[in-house]
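The file work.txt contains compact mmCIF, C-alpha atoms:
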```txt
# COMPACT_ATOMS: atom_id res chain seq x y z
CA MET A 281 0.00 0.00 0.00
CA SER A 282 1.31 3.43 -0.85
CA ALA A 283 1.98 6.10 1.77
CA VAL A 284 -1.13 7.99 0.74
CA GLY A 285 -3.15 4.78 0.94
CA VAL A 286 -1.89 4.09 4.47
CA THR A 287 -2.69 7.63 5.56
CA LYS A 288 -6.15 7.47 4.03
CA SER A 289 -7.14 4.12 5.48
CA THR A 290 -5.81 4.97 8.95
CA LEU A 291 -7.56 8.32 8.90
CA LEU A 292 -10.85 6.80 7.73
CA LYS A 293 -10.59 4.11 10.41
CA ASP A 294 -10.07 6.73 13.12
CA LEU A 295 -12.88 8.90 11.82
CA ARG A 296 -15.23 5.91 11.65
CA MET A 297 -14.35 4.91 15.22
CA GLU A 298 -14.90 8.45 16.40
CA TRP A 299 -18.18 8.71 14.48
CA ARG A 300 -19.48 5.58 16.19
CA SER A 301 -18.28 6.28 19.72
CA LYS A 302 -18.04 10.11 19.71
CA ASP A 303 -15.80 9.78 22.78
CA ALA A 304 -13.27 12.47 21.95
CA ILE A 305 -15.58 15.08 20.50
CA ASN A 306 -18.15 14.77 23.28
CA SER A 307 -15.63 15.08 26.08
CA MET A 308 -13.87 17.97 24.34
CA LEU A 309 -17.16 19.79 23.76
CA PHE A 310 -18.31 19.36 27.32
CA PHE A 311 -14.92 20.32 28.68
CA SER A 312 -14.71 23.56 26.71
CA LEU A 313 -18.33 24.35 27.56
CA LEU A 314 -17.36 24.08 31.24
CA VAL A 315 -14.41 26.40 30.67
CA VAL A 316 -16.66 28.95 28.95
CA VAL A 317 -19.15 28.91 31.81
CA ILE A 318 -16.60 28.93 34.63
CA PHE A 319 -14.51 31.72 33.12
CA SER A 320 -17.67 33.72 32.55
CA PHE A 321 -18.54 33.40 36.26
CA ALA A 322 -14.98 34.08 37.34
CA PHE A 323 -14.44 37.28 35.34
CA ASN A 324 -18.01 38.43 34.62
CA PRO A 325 -16.73 40.67 31.82
CA THR A 326 -18.51 43.46 29.98
CA ALA A 327 -18.60 43.36 26.18
CA GLU A 328 -15.64 45.73 26.06
CA GLN A 329 -13.52 43.72 28.54
CA SER A 330 -14.37 40.39 26.95
CA ARG A 331 -13.05 41.64 23.63
CA LEU A 332 -9.68 42.03 25.36
CA ILE A 333 -9.61 38.70 27.19
CA ALA A 334 -11.52 36.49 24.73
CA GLY A 335 -8.43 35.65 22.67
CA GLY A 336 -6.70 34.15 25.67
CA LEU A 337 -9.85 32.48 26.93
CA ILE A 338 -10.79 30.79 23.66
CA TRP A 339 -7.36 29.37 23.03
CA VAL A 340 -6.75 28.19 26.57
CA ALA A 341 -10.10 26.39 26.42
CA PHE A 342 -9.25 24.78 23.08
CA LEU A 343 -5.73 23.88 24.19
CA PHE A 344 -6.99 22.06 27.26
CA ALA A 345 -9.78 20.43 25.29
CA ALA A 346 -7.37 19.31 22.56
CA VAL A 347 -5.29 17.44 25.15
CA VAL A 348 -8.31 15.20 25.74
CA ALA A 349 -8.34 14.10 22.10
CA LEU A 350 -4.57 13.93 21.85
CA ASN A 351 -4.30 11.61 24.83
CA GLN A 352 -6.62 9.14 23.14
CA THR A 353 -4.73 9.19 19.85
CA TRP A 354 -2.34 6.34 20.49
CA ALA A 355 -3.97 4.74 23.51
CA ARG A 356 -6.33 2.65 21.41
CA GLU A 357 -3.44 1.45 19.24
CA LEU A 358 -1.73 -0.04 22.28
CA ARG A 359 -4.49 -2.57 22.80
CA ASN A 360 -3.99 -5.67 20.68
CA GLN A 361 -0.41 -4.53 19.96
CA VAL A 362 -1.44 -2.52 16.90
CA LEU A 363 1.65 -0.33 17.21
CA ASP A 364 3.93 -3.37 17.27
CA ALA A 365 2.20 -4.72 14.19
CA TYR A 366 2.70 -1.39 12.54
CA ARG A 367 6.36 -1.43 13.43
CA VAL A 368 7.03 -4.70 11.65
CA SER A 369 4.93 -3.78 8.62
CA PRO A 370 6.70 -2.10 5.69
CA ALA A 371 4.27 0.85 5.77
CA PRO A 372 6.05 4.23 6.13
CA PRO A 373 5.82 5.54 9.74
CA ASN A 374 5.19 9.11 8.65
CA ALA A 375 2.04 8.02 6.83
CA LEU A 376 0.65 6.78 10.14
CA PHE A 377 1.75 9.96 11.88
CA LEU A 378 0.14 12.22 9.29
CA ALA A 379 -3.11 10.24 9.49
CA LYS A 380 -3.19 10.74 13.24
CA VAL A 381 -2.40 14.44 12.92
CA LEU A 382 -5.11 14.94 10.30
CA GLY A 383 -7.61 13.08 12.46
CA ASN A 384 -6.88 15.19 15.51
CA PHE A 385 -6.86 18.32 13.38
CA LEU A 386 -10.37 17.52 12.12
CA PHE A 387 -11.64 16.79 15.65
CA VAL A 388 -10.31 20.06 17.04
CA VAL A 389 -11.50 22.13 14.06
CA VAL A 390 -14.99 20.66 14.43
CA LEU A 391 -14.85 21.48 18.14
CA GLU A 392 -13.83 25.06 17.37
CA ALA A 393 -16.59 25.47 14.79
CA LEU A 394 -19.16 24.23 17.29
CA MET A 395 -17.85 26.25 20.22
CA ALA A 396 -17.25 29.57 18.45
CA PRO A 397 -20.96 30.56 18.41
CA LEU A 398 -21.18 29.83 22.13
CA PHE A 399 -18.25 32.12 22.85
CA VAL A 400 -19.87 34.84 20.78
CA VAL A 401 -23.13 34.49 22.69
CA PHE A 402 -21.75 34.20 26.22
CA TYR A 403 -19.12 36.92 25.88
CA GLN A 404 -21.09 39.25 23.59
CA LEU A 405 -18.20 39.25 21.14
CA ARG A 406 -18.27 41.59 18.18
CA SER A 407 -15.14 41.85 16.13
CA VAL A 408 -13.79 45.22 15.03
CA GLY A 409 -11.17 43.80 12.66
CA PRO A 410 -11.61 41.45 9.67
CA VAL A 411 -13.23 38.20 10.83
CA TRP A 412 -12.00 35.99 7.97
CA GLN A 413 -8.47 36.28 9.36
CA LEU A 414 -9.70 34.52 12.49
CA VAL A 415 -10.31 31.44 10.34
CA VAL A 416 -6.71 31.54 9.09
CA ILE A 417 -5.43 31.87 12.66
CA ALA A 418 -7.65 29.03 13.85
CA LEU A 419 -6.43 26.68 11.12
CA LEU A 420 -2.73 27.53 11.53
CA GLY A 421 -2.94 27.55 15.33
CA THR A 422 -4.81 24.26 15.50
CA TRP A 423 -2.23 22.65 13.25
CA ALA A 424 0.55 23.98 15.52
CA LEU A 425 -1.07 22.44 18.61
CA VAL A 426 -2.08 19.20 16.97
CA VAL A 427 1.12 18.34 15.10
CA ASN A 428 3.27 18.69 18.22
CA GLY A 429 0.51 17.26 20.41
CA THR A 430 0.21 14.10 18.33
CA PHE A 431 3.97 13.69 18.36
CA PHE A 432 4.27 14.20 22.11
CA ALA A 433 1.35 11.86 22.71
CA ALA A 434 3.44 9.20 20.99
CA LEU A 435 6.32 10.11 23.31
CA SER A 436 4.29 10.17 26.49
CA ILE A 437 2.53 6.90 25.80
CA ARG A 438 5.80 5.19 26.69
CA THR A 439 6.07 6.81 30.11
CA ARG A 440 4.53 6.21 33.48
CA SER A 441 1.40 8.30 34.19
CA ARG A 442 1.10 9.12 30.52
CA GLU A 443 -2.09 11.17 30.73
CA ILE A 444 -0.40 13.83 32.85
CA MET A 445 2.85 13.67 30.89
CA LEU A 446 1.43 15.04 27.63
CA PRO A 447 0.48 18.55 28.82
CA LEU A 448 3.72 18.78 30.82
CA ILE A 449 5.87 18.41 27.72
CA LEU A 450 3.47 19.95 25.18
CA PHE A 451 2.69 23.26 26.87
CA PRO A 452 6.25 24.65 27.26
CA ILE A 453 7.06 23.96 23.61
CA SER A 454 3.71 25.44 22.51
CA ILE A 455 4.17 28.76 24.30
CA PRO A 456 5.19 30.76 21.19
CA ALA A 457 2.33 29.29 19.13
CA LEU A 458 -0.14 30.00 21.90
CA LEU A 459 1.15 33.53 22.28
CA ALA A 460 0.79 34.07 18.53
CA MET A 461 -2.76 32.68 18.48
CA VAL A 462 -3.90 34.71 21.48
CA ASP A 463 -2.32 37.95 20.34
CA ALA A 464 -3.48 37.63 16.75
CA THR A 465 -7.04 36.92 17.92
CA THR A 466 -7.02 39.85 20.32
CA SER A 467 -5.63 42.23 17.73
CA ILE A 468 -8.40 41.25 15.30
CA LEU A 469 -11.17 41.46 17.89
CA THR A 470 -10.06 44.88 19.10
CA GLY A 471 -8.96 46.03 15.62
CA GLU A 472 -6.11 47.91 17.25
CA SER A 473 -3.14 46.32 15.53
CA SER A 474 -2.37 44.08 12.60
CA PRO A 475 -2.10 40.32 13.20
CA ASP A 476 0.21 39.87 10.20
CA PHE A 477 3.38 39.24 12.20
CA TRP A 478 1.63 36.60 14.32
CA ILE A 479 0.18 34.83 11.29
CA LYS A 480 3.65 34.67 9.75
CA LEU A 481 5.09 33.40 13.03
CA LEU A 482 2.44 30.67 13.20
CA LEU A 483 3.25 29.69 9.63
CA VAL A 484 6.98 29.47 10.44
CA TYR A 485 6.23 27.51 13.63
CA ASP A 486 4.00 25.08 11.70
CA VAL A 487 6.54 24.48 8.96
CA ILE A 488 9.49 24.02 11.34
CA PHE A 489 7.76 21.70 13.76
CA THR A 490 6.00 19.66 11.09
CA ALA A 491 9.44 19.07 9.57
CA VAL A 492 10.99 18.13 12.94
CA CYS A 493 8.09 15.76 13.73
CA LEU A 494 8.33 14.00 10.36
CA LEU A 495 12.09 13.73 10.77
CA LEU A 496 11.94 12.15 14.23
CA PHE A 497 8.71 10.16 14.26
CA GLU A 498 10.27 7.00 12.86
CA SER A 499 12.78 6.79 15.72
CA VAL A 500 10.03 7.38 18.28
CA LEU A 501 7.81 4.69 16.79
CA ASN A 502 10.72 2.24 16.84
CA ALA A 503 11.97 3.24 20.28
CA GLU A 504 12.66 0.16 22.36
CA MET B 29 39.37 10.20 41.88
CA LYS B 30 42.22 10.92 39.53
CA PRO B 31 44.89 13.40 40.69
CA LEU B 32 44.16 15.55 37.65
CA SER B 33 40.52 16.02 38.65
CA ILE B 34 41.54 16.83 42.23
CA ALA B 35 44.00 19.41 40.94
CA PHE B 36 41.30 20.93 38.75
CA ILE B 37 38.85 21.13 41.67
CA VAL B 38 41.45 22.79 43.90
CA PHE B 39 42.28 25.22 41.09
CA THR B 40 38.58 26.04 40.62
CA LEU B 41 38.07 26.64 44.34
CA ALA B 42 41.03 29.02 44.42
CA LEU B 43 39.73 30.72 41.30
CA LEU B 44 36.27 31.09 42.86
CA GLY B 45 37.79 32.71 45.93
CA PHE B 46 39.84 35.09 43.82
CA SER B 47 36.93 36.01 41.52
CA THR B 48 34.63 36.60 44.49
CA TYR B 49 37.26 38.93 45.97
CA GLN B 50 37.49 40.69 42.60
CA ALA B 51 33.73 41.08 42.36
CA LEU B 52 33.11 42.25 45.93
CA PHE B 53 36.18 44.36 46.71
CA VAL B 54 38.19 45.21 43.60
CA ALA B 55 35.52 46.08 41.07
CA PRO B 56 34.36 49.71 41.35
CA THR B 57 30.90 50.47 42.72
CA GLU B 58 28.42 51.25 39.98
CA GLN B 59 27.41 54.94 39.86
CA THR B 60 23.61 54.76 39.85
CA MET B 61 22.86 51.25 41.09
CA GLY B 62 25.38 51.04 43.90
CA ASP B 63 26.56 47.80 45.44
CA VAL B 64 23.56 45.82 44.26
CA GLN B 65 25.05 45.87 40.78
CA ARG B 66 27.70 43.43 42.00
CA ILE B 67 25.15 40.63 41.56
CA PHE B 68 25.97 41.09 37.88
CA TYR B 69 29.19 39.12 38.45
CA TYR B 70 27.12 36.07 39.37
CA HIS B 71 24.02 36.63 37.26
CA VAL B 72 25.65 36.83 33.84
CA PRO B 73 28.23 34.02 34.28
CA SER B 74 25.41 31.74 35.49
CA ALA B 75 23.41 32.58 32.37
CA TRP B 76 26.47 31.83 30.28
CA VAL B 77 27.00 28.43 31.92
CA ALA B 78 23.30 27.59 31.54
CA GLY B 79 23.40 28.54 27.87
CA VAL B 80 26.49 26.44 27.20
CA CYS B 81 24.96 23.48 29.08
CA PHE B 82 21.77 23.61 26.99
CA PHE B 83 23.83 23.79 23.84
CA VAL B 84 25.89 20.77 24.93
CA ASN B 85 22.61 19.01 25.74
CA PHE B 86 21.41 19.64 22.19
CA LEU B 87 24.63 18.38 20.61
CA ALA B 88 24.69 15.29 22.83
CA SER B 89 21.04 14.57 22.02
CA VAL B 90 21.68 14.77 18.28
CA ALA B 91 24.70 12.51 18.77
CA TYR B 92 22.54 10.02 20.67
CA ILE B 93 19.89 9.91 17.96
CA LEU B 94 22.51 9.35 15.28
CA LYS B 95 24.85 6.96 17.12
CA ARG B 96 22.69 5.49 19.94
CA ASN B 97 25.68 5.82 22.22
CA SER B 98 24.70 5.80 25.90
CA ASP B 99 27.67 8.02 26.80
CA ALA B 100 26.12 10.75 24.66
CA ASP B 101 22.89 10.28 26.59
CA ALA B 102 24.76 10.51 29.89
CA LEU B 103 26.28 13.79 28.76
CA ALA B 104 22.86 15.07 27.68
CA ALA B 105 21.35 14.20 31.07
CA ALA B 106 24.26 15.76 32.97
CA SER B 107 24.31 19.00 31.00
CA ALA B 108 20.52 19.42 31.18
CA GLU B 109 20.53 19.05 34.96
CA VAL B 110 23.42 21.44 35.51
CA GLY B 111 21.88 23.85 32.99
CA VAL B 112 18.61 23.89 34.88
CA VAL B 113 20.47 24.58 38.14
CA PHE B 114 22.32 27.56 36.66
CA CYS B 115 19.19 28.78 34.88
CA THR B 116 17.44 28.70 38.27
CA ILE B 117 20.26 30.82 39.72
CA VAL B 118 19.75 33.31 36.88
CA LEU B 119 16.01 33.44 37.54
CA ILE B 120 16.59 34.02 41.27
CA THR B 121 19.42 36.56 41.07
CA GLY B 122 17.60 38.48 38.32
CA PRO B 123 14.61 39.59 40.42
CA ILE B 124 16.89 40.32 43.41
CA TRP B 125 18.78 42.73 41.16
CA ALA B 126 15.66 44.07 39.42
CA ARG B 127 13.74 44.97 42.57
CA PRO B 128 16.04 47.80 43.80
CA VAL B 129 17.07 48.92 40.30
CA TRP B 130 13.86 48.76 38.24
CA GLY B 131 11.51 48.90 41.24
CA ILE B 132 9.84 45.64 40.22
CA TRP B 133 10.64 41.99 40.75
CA TRP B 134 9.69 40.84 37.31
CA THR B 135 8.74 42.16 33.92
CA TRP B 136 7.59 40.18 30.89
CA ASP B 137 10.41 41.47 28.75
CA ALA B 138 11.96 39.46 25.94
CA ARG B 139 15.04 38.13 27.65
CA LEU B 140 13.42 37.45 31.02
CA THR B 141 10.51 35.63 29.44
CA THR B 142 12.72 33.66 27.08
CA THR B 143 14.86 32.55 30.02
CA LEU B 144 11.75 31.50 31.93
CA VAL B 145 10.40 29.53 28.95
CA LEU B 146 13.83 27.97 28.47
CA TRP B 147 13.74 26.91 32.10
CA LEU B 148 10.22 25.48 31.68
CA ILE B 149 11.26 23.50 28.59
CA TYR B 150 14.26 21.92 30.28
CA VAL B 151 12.35 21.19 33.47
CA SER B 152 9.81 19.34 31.33
CA TYR B 153 12.77 17.52 29.78
CA LEU B 154 13.93 16.42 33.24
CA ILE B 155 10.37 15.37 34.14
CA LEU B 156 10.21 13.26 30.99
CA ARG B 157 13.51 11.62 31.89
CA HIS B 158 12.12 10.89 35.32
CA PHE B 159 8.84 9.41 34.12
CA ALA B 160 10.03 7.49 31.09
CA THR B 161 10.76 3.86 31.83
CA GLY B 162 13.36 1.44 30.64
CA SER B 163 15.69 1.80 27.73
CA GLN B 164 13.35 4.10 25.78
CA THR B 165 14.13 6.98 28.14
CA LYS B 166 17.27 7.97 26.28
CA LEU B 167 15.66 8.24 22.88
CA LEU B 168 12.52 10.00 24.10
CA ALA B 169 14.61 12.50 26.04
CA ALA B 170 16.90 13.15 23.06
CA VAL B 171 13.90 13.77 20.83
CA LEU B 172 12.36 16.23 23.28
CA ALA B 173 15.72 18.01 23.66
CA ILE B 174 15.75 18.70 19.93
CA PHE B 175 12.23 20.13 20.07
CA GLY B 176 13.20 22.33 22.98
CA PHE B 177 16.30 23.66 21.29
CA VAL B 178 14.45 24.41 18.04
CA ASP B 179 11.77 26.21 20.04
CA VAL B 180 14.06 28.71 21.80
CA PRO B 181 14.70 31.11 18.87
CA ILE B 182 10.98 31.10 18.03
CA VAL B 183 10.17 31.93 21.64
CA TYR B 184 12.65 34.79 21.58
CA MET B 185 11.26 36.20 18.33
CA SER B 186 7.66 36.01 19.45
CA ILE B 187 8.28 37.60 22.82
CA ARG B 188 10.47 40.31 21.34
CA TRP B 189 7.50 41.27 19.21
CA PHE B 190 5.10 40.90 22.11
CA ARG B 191 7.08 43.15 24.45
CA THR B 192 9.33 45.59 22.65
CA GLN B 193 10.37 47.68 25.64
CA HIS B 194 13.36 45.44 26.49
CA PRO B 195 16.47 47.21 27.78
CA SER B 196 19.28 47.30 25.24
CA PRO B 197 22.21 44.97 25.90
CA VAL B 198 24.97 46.46 28.05
CA MET B 199 27.77 44.67 26.28
CA GLY B 200 28.06 44.64 22.50
CA GLY B 201 25.14 47.02 22.22
CA GLY B 202 25.11 50.58 20.88
CA GLU B 203 27.63 53.40 21.23
CA ASN B 204 27.24 54.06 24.93
CA SER B 205 27.36 50.41 25.90
CA GLY B 206 30.39 48.67 27.32
CA LEU B 207 31.77 47.98 30.75
CA ASP B 208 34.29 49.91 32.78
CA PRO B 209 37.64 48.07 32.29
CA ALA B 210 37.89 47.35 36.04
CA MET B 211 34.40 45.83 35.99
CA LEU B 212 35.19 43.84 32.86
CA HIS B 213 38.25 42.47 34.62
CA ALA B 214 36.23 41.20 37.61
CA PHE B 215 33.53 39.95 35.28
CA LEU B 216 35.92 37.87 33.19
CA TRP B 217 37.44 36.28 36.30
CA ASN B 218 33.96 35.29 37.45
CA LEU B 219 33.07 34.02 34.02
CA LEU B 220 36.12 31.76 34.08
CA ALA B 221 35.43 30.56 37.63
CA PHE B 222 31.78 29.78 36.89
CA THR B 223 32.69 27.99 33.70
CA CYS B 224 35.11 25.78 35.68
CA VAL B 225 32.41 25.06 38.28
CA GLY B 226 30.02 24.17 35.46
CA ILE B 227 32.57 21.82 33.90
CA ILE B 228 33.21 20.08 37.24
CA LEU B 229 29.50 19.59 37.89
CA VAL B 230 28.76 18.31 34.40
CA VAL B 231 31.71 15.90 34.46
CA ALA B 232 30.79 14.60 37.93
CA ARG B 233 27.15 14.12 36.91
CA TYR B 234 28.26 12.52 33.65
CA ARG B 235 30.38 9.96 35.48
CA LEU B 236 27.54 9.25 37.88
CA GLN B 237 25.19 8.64 34.95
CA GLN B 238 27.74 6.34 33.33
CA MET B 239 28.01 4.35 36.56
CA GLU B 240 24.22 4.13 36.75
CA ASN B 241 24.18 2.81 33.19
CA GLU B 242 26.83 0.23 34.08
CA VAL B 243 24.88 -0.92 37.13
CA GLU B 244 21.75 -1.23 35.03
CA ALA B 245 23.56 -3.20 32.37
CA GLU B 246 24.99 -5.51 35.05
CA HIS B 247 21.50 -6.04 36.50
CA ALA B 248 20.22 -6.91 33.06
CA ARG B 249 23.11 -9.32 32.50
CA LEU B 250 22.54 -11.03 35.85
CA ALA B 251 18.83 -11.35 35.16
CA LEU B 252 19.56 -12.96 31.81
CA ALA B 253 22.15 -15.30 33.34
CA GLY B 254 19.64 -16.26 36.05
CA GLY B 255 17.02 -16.99 33.41
CA ALA B 256 19.37 -19.32 31.56
CA ARG B 257 20.11 -21.47 34.60
```
What would you get if you wrote out this structure as structure tokens?
Amino acid sequence: MSAVGVTKSTLLKDLRMEWRSKDAINSMLFFSLLVVVIFSFAFNPTAEQSRLIAGGLIWVAFLFAAVVALNQTWARELRNQVLDAYRVSPAPPNALFLAKVLGNFLFVVVLEALMAPLFVVFYQLRSVGPVWQLVVIALLGTWALVVNGTFFAALSIRTRSREIMLPLILFPISIPALLAMVDATTSILTGESSPDFWIKLLLVYDVIFTAVCLLLFESVLNAE
Amino acid sequence: MKPLSIAFIVFTLALLGFSTYQALFVAPTEQTMGDVQRIFYYHVPSAWVAGVCFFVNFLASVAYILKRNSDADALAAASAEVGVVFCTIVLITGPIWARPVWGIWWTWDARLTTTLVLWLIYVSYLILRHFATGSQTKLLAAVLAIFGFVDVPIVYMSIRWFRTQHPSPVMGGGENSGLDPAMLHAFLWNLLAFTCVGIILVVARYRLQQMENEVEAEHARLALAGGAR
């Protein structure tokens, strides 16, 4: 099977499993809903204030929610020694990795699409700047979180207390991406400055870390 | 311990005493900041040692991934630990200096924030080393070290943009930058002394890690021999 074939079949398998169980998307949705409600109680912001803090709020909620999906990525492949089977098969490791990244990317993007209206309603958000740029930021930012997250999930699955390990190694590395996402979102919502630098930074971050992940995934998969 | 290492340790101790004397008594008192500026002679050399340690950690990690040599991994572990220690010293001496001079303990300026993120990344590296089990530890740690090292310039760029009010570098900066020669003298002595301390710590930790590896290998060998009986 070609690399594209492997990616496609793994991705379709994951999507089908998620469609039938809806484990990841339901827990992510409920989790970010809780964050929206709790933050709203905690800060009780006016429309003007929420425009300033919403960027941080939205992305922190999505970051924490994404960890839920990321932690499940490889866990189900451990049962029945699927990963070992994959290791001895001639299929290219990066095809498997890309399938997992694309799957997580789709889950988190769907989550963001479903949650965005709720944020708008609860925080009375009205953007001053161009809204279409928010879509660009969401796509680039989600890729930044998910590509490293999927990779680190593969790392942390081989450690003790793996569920807690993933955020501990993912968050420090993700700080520049998170900063870019939050600041770009805030500058669009308030319309005070241009998000161009942040979008470029996200693009650079995505390219660099996608390359590093693809370079190193094979050795992580074969780690023994 | 080999006589050479003992000689080096004695030399370093003498050097430390001399450089401390230079920093506290010989170097002139700074005009506006006063005596508190003398923390500079510890703050900057610590940052230098931490930086070198993290760089060594990166090189050793790349070497491990390419060669799978457990000595390279021992060096990576040793340099990361010592680097975190010196980075912690930087993060502690910095606010002590900043409070009387800037009037605040902390500001989210580019270099401070980058140092803090650097510290966070390498602490997470040490946590991973602690939690990973078995022989995979070395590879997983090496992989994370590469991610951390690649991340640092991006962190610096992003935070520079985020907070542009950072103070210009004192050394190698613009026209009015540069140290008083007497201060530079004391500074260089301290830099040398701290570098020697860093080398001693890394080498000692490296040997310890090697011994741990040997003990582990011996355990594995005994277990295999026991299984064969």
For chain B, which residues have at least one atom within 7 Å of chain A, if we go by only C-alpha atoms? Write them as JSON, numbers by chain, please. {"B": [145, 148, 149, 152, 159, 160, 161, 163, 164, 167, 168, 176, 179, 182, 183, 186]}
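Non-sequential neighbours of A:Val415 (distance at most 12 Å, separation of 6 or more positions within a chain, all atoms listed in the file) are A:Val389, A:Glu392, A:Ala393, A:Ala396, A:Gly421, A:Thr422, A:Met461, A:Ala464, A:Thr465, A:Ile468, A:Ile479.
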Do a neighbour search on B:Gln65 at 9 Å with only C-alpha atoms, toss out local chain neighbours closer than 4 positions, and write the hits as a PDB file with C-alpha atoms, keeping the file's coordinate frame.
```pdb
ATOM      1  CA  THR B  57      30.900  50.470  42.720  1.00  0.00           C
ATOM      2  CA  GLU B  58      28.420  51.250  39.980  1.00  0.00           C
ATOM      3  CA  MET B  61      22.860  51.250  41.090  1.00  0.00           C
ATOM      4  CA  TYR B  69      29.190  39.120  38.450  1.00  0.00           C
ATOM      5  CA  TRP B 125      18.780  42.730  41.160  1.00  0.00           C
ATOM      6  CA  VAL B 129      17.070  48.920  40.300  1.00  0.00           C
TER       7      VAL B 129
END
```
Near-stretch 323-332 of chain A list (7 Å; all atoms listed in the file; drop same-chain fewer than 4 positions) as a PyMOL selection string: chain A and resi 319+403-405+466+469-470
Where is the centre and how long are the edges: axis-aligned box on stretch 433-443 of chain A, 8 Å on each side, Å to one decimal, as AutoDock Vina command-line options:
```
--center_x 2.1 --center_y 8.5 --center_z 27.6 --size_x 24.4 --size_y 22.7 --size_z 29.2
```
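For the atom pair formed by atom CA of B:Glu240 and atom CA of B:Val178, the distance is 29.3 Å, given to one decimal.
Using all atoms listed in the file, the contacts of B:Pro128 at a cut-off of 12 Å, with sequence neighbours closer than 6 positions omitted, comprise Thr60, Met61, Gly62, Asp63, Val64, Gln65, Ile67, Gly122 and Trp134 of chain B.
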For a test of reading the model, state the distance in Å between atom CA of B:Ala173 and atom CA of A:Leu495, rounded to one decimal. 14.1 Å
Using all atoms listed in the file, which protein or nucleic acid residues come within 9 Å of stretch 312-316 of chain A? Drop anything in the same chain fewer than 6 positions from it, and give the result as a short mmCIF file (atom, residue, chain, number, x, y, z; two decimals) with C-alpha atoms, keeping the file's coordinate frame.
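See around29.cif below for the written result:
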```cif
data_model
loop_
_atom_site.label_atom_id
_atom_site.label_comp_id
_atom_site.auth_asym_id
_atom_site.auth_seq_id
_atom_site.Cartn_x
_atom_site.Cartn_y
_atom_site.Cartn_z
CA LEU A 337 -9.85 32.48 26.93
CA ILE A 338 -10.79 30.79 23.66
CA VAL A 340 -6.75 28.19 26.57
CA ALA A 341 -10.10 26.39 26.42
CA PHE A 342 -9.25 24.78 23.08
CA PHE A 344 -6.99 22.06 27.26
CA ALA A 345 -9.78 20.43 25.29
CA LEU A 391 -14.85 21.48 18.14
CA MET A 395 -17.85 26.25 20.22
CA LEU A 398 -21.18 29.83 22.13
CA PHE A 399 -18.25 32.12 22.85
CA PHE A 402 -21.75 34.20 26.22
CA TYR A 403 -19.12 36.92 25.88
#
```
Top pick for closest residue to B:Phe222, considering B:Phe86, B:Trp136, B:Tyr153, B:Tyr70 and counting all atoms listed in the file: B:Tyr70
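What separates atom CA of B:Ala104 from atom CA of B:Ile120 is a distance of 24.1 Å.
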